[in-house]
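Colleague: Can you read through this structure? Questions will come right after.
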Amino acid sequence: MVKTANFHFPHCFSTIRAKFLFVCAVICFFSFFVFLFFHLYSSKTLTDQTLENTNDTLSVYQQWMDYELEHVSSYLLTSISNHASDRFIFGENSQDSYLAQLSLMSDMENFLTTYKNIGGLFFYAPDTDTMIMKSQKKESYTHRLALQDYIEQYQIEQTDGDSRPQIAYWYPVSIQGKIFLIEILSYHQTYMGAWITDTQLLEPLSKLSLFENTAIFLSPLDSSDSEYYLLTDQDFSAEDCMYSHCDSSAGNFRLTLCIPQEDFLQKTMPFRSIFYWLCIICFLLIFVTMLFLSRQIFPPLKRLLDGILSVKKGDFSTQISLPPSKDEFTQVTISFNEMIQEIQNLKIRVYEEELEKTNIQIQYLTMQIKPHFFLNSLNLICSMVATKHYDLITEMATSLIRYFRYVFHAADELAPIKEELEHTKNYLHIQELRLSAQFHFSFQVYGDLEEMQIPILTIQTFVENSIKYGFNRKKELAIHIVVHCGEESSEILIKDNGPGFDPALLECLNARSDPSDLSPLILPDSVERHIGIENVKRRLYHIYSGHAYLKFFNDLATGGAVVLIHLPSSFHGRDLS
């Protein structure tokens, strides 16, 4: 029984700890989302109710305002009907004219005494150039003169000669930076109207229970949303505000309240405080739980992680110390140590086999290159002996000695690029002797060549292809080599003025392939084997471990073939000794 208890205790303790952590996490997250839902729902409900109350308040104010405006409209209609026939009398310099104007002004003053929310009244007869205005003095004298000019301009723009009264119902207008709500009636070339200033519009609203930073503006009903007249001094952003609209039934305008969302959020501050405190409690509970379990779980995990990182860096001698308690982490640690030991032994065997395979491949590729030119050289000397050109045989033999001394110097050695360029010039001279032709060879070097090395026969292989496919008797073959030596990478550009690569061959040369494959490149519709190019590609792959690449294309100006060789400058290659 004691052995059974000791065997099951670590397992049961670990399982309970996992279940406890899961339950705590579920409870905390569930509580968080419940509190979040409650917070969002209460905020939305409060916002909707507040906005609804604001709409009701604005609607009551608008109804009261419409009631006042309808009375003013009724008065204007009655008054213009009574005084339109006297418009010619107003222009006379007589007692009747004076009494008629005095009667009209008295009538206006009595009406303004009753309706103090009206800014003023006016009567205008353009035929006799008579303007009678009566104001509550809610606007400045300058604005009153500007308002008089506006009325006169309004009369000029009107061309309607209807005998019935024409009403321009209440509409907002801005005159010299001040907002007016104006209604104008016209009858028999006589105009009568009333106005209300922005100050009078805001005065009743200031007594209502509105938000502190509320922006209030008027807008015509038949205009776009971008045309509005701001009545207050607050700045507002269309993206950060909520709106309450109310259309007037007595005029052509809409009254809008623009309430910042921050004012709405202030109403939800108590709910947000409760939400924040509940979230803090939940997070503290999670923190305490994790702190308690960290002593049981995190140290073993840390030891495992350190061991894995050491293995990732290449240290396969890593062994993780066993934890003091005998639980699942102990079993994992033992299994990890055994696995690392097996991987270390396996890696040694695989590395040895891979190194041997790579050396065999490089030797095979190099041996493919050497006989290729060797047999052609012997054939060339035999041809010269037959023609008894002994001076050319001597020159040819000297050039071949230099050629094969370089080639057989080391089968898989990296040579300085200076020697490779000299070897290429020597090879071209051999071909000139062989073909009885003259080649134009040039090269440019940018950077320091002292430290740069490349595999032997790399440049010579592509120069050989230029001669093979680009030489003809009609024009001189020009081969140009450009070498760029940089700190991180170097590039070698080999181009000629020949016919260039065939499009099908370019597609095959630039296609991604496995350079470790030893099979030669065969075009889809051809049996021609491009052994030299594939050998260079695979040698670069093995020597530089895939960090070098080749690119083939045709020169746009001359149409000749262009080969770009990219080599890493800081890469020292494989150890091929």
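Letters for chains follow the order of the structure tokens (A, B, ...), residue numbers begin at 1 for each chain, and ligand numbers begin at 1 in the order shown.
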What are the DSSP strand (DSSP E or B) residues of segment 450-570 of chain A, as a ChimeraX atom specification?

Modeller: /A:453-455,478-485,489-496,522,529,549-554,561-568

Colleague: Find the spatial neighbours of segment 552-563 of chain A, counting only C-alpha atoms, within a cut-off of 8 Å - ignore same-chain residues fewer than 2 positions away - and output them as a list in words.

Modeller: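 After dropping sequence-adjacent residues, the list is Phe462, Ser466, Leu493, Ile494, Lys495, Asp496, Asn497, Gly498, Pro499, Gly500, Phe501, Leu506, Leu509, Asn510, Leu550 and Ile565 of chain A.
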
Colleague: Just checking: using only C-alpha atoms, which residue out of A:Glu420, A:Tyr549, A:Gly447, A:Gln261 ends up closest to Lys44 of chain A?

Modeller: A:Gln261

Colleague: Pick from A:Asp96, A:Glu139, A:Ser569, A:Arg538: nearest to Glu450 of chain A, with only C-alpha atoms counted?

Modeller: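 Smallest separation from Glu450 of chain A among the options: A:Ser569.
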
Colleague: Determine, for each residue of segment 108-148 of chain A having at least one atom at most 7 Å from an atom of segment 179-193 of chain A, the closest pair of atoms and their separation in Å to one decimal, counting only C-alpha atoms; order by chain and ascending number, as CSV.

Modeller:
```
residue,atom,partner,partner_atom,distance
A:Leu121,CA,A:Gly193,CA,5.8
A:Phe122,CA,A:Gly193,CA,5.5
A:Phe123,CA,A:Met192,CA,4.5
A:Tyr124,CA,A:Tyr191,CA,5.0
A:Ala125,CA,A:Thr190,CA,4.9
```

Colleague: Go through A:Ile274, A:Leu564, A:Leu477, A:Ile343 and flag the residue nearest Phe38 of chain A, using only C-alpha atoms for the distances.

Modeller: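 The closest residue to Phe38 of chain A is A:Ile274.
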
Colleague: Hey, which of A:Leu58, A:Val536, A:Val482, A:Val445 ends up closest to Arg254 of chain A? Count only C-alpha atoms.

Modeller: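 Once distances to Arg254 of chain A are computed over only C-alpha atoms, the minimum belongs to A:Leu58.
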
Colleague: Find the distance between atom CA of Phe22 of chain A and atom CA of Thr289 of chain A and write it in Å to one decimal.

Modeller: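 These atoms are spaced 10.6 Å apart.
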
Colleague: Report as a PyMOL selection string all protein, DNA and RNA residues lying within 12 Å of Ile156 of chain A, evaluated on only C-alpha atoms, omitting residues in the same chain fewer than 2 positions from it.

Modeller: chain A and resi 125-127+149-154+158-160+189-191

Colleague: Extract, using only C-alpha atoms, all DNA, RNA and protein residues at most 10 Å from segment 427-435 of chain A, discarding same-chain residues fewer than 6 positions from it, and format them as a list in words.

Modeller: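 Contacts, in chain order: Asn376, Ser377, Asn379, Leu380, Ile381, Ser383, Met384, Leu392, Ile393, Glu395, Met396, Ala397, Thr398, Ser399, Leu400, Arg402, Tyr403, Leu421, Phe441, Gln460, Val463, Glu464, Ile467, Phe471, Arg473 and Ile479 of chain A.
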
Colleague: Work out how far atom CA of Cys28 of chain A is from atom CA of Leu305 of chain A, in Å to one decimal.

Modeller: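 It comes out at 28.7 Å.
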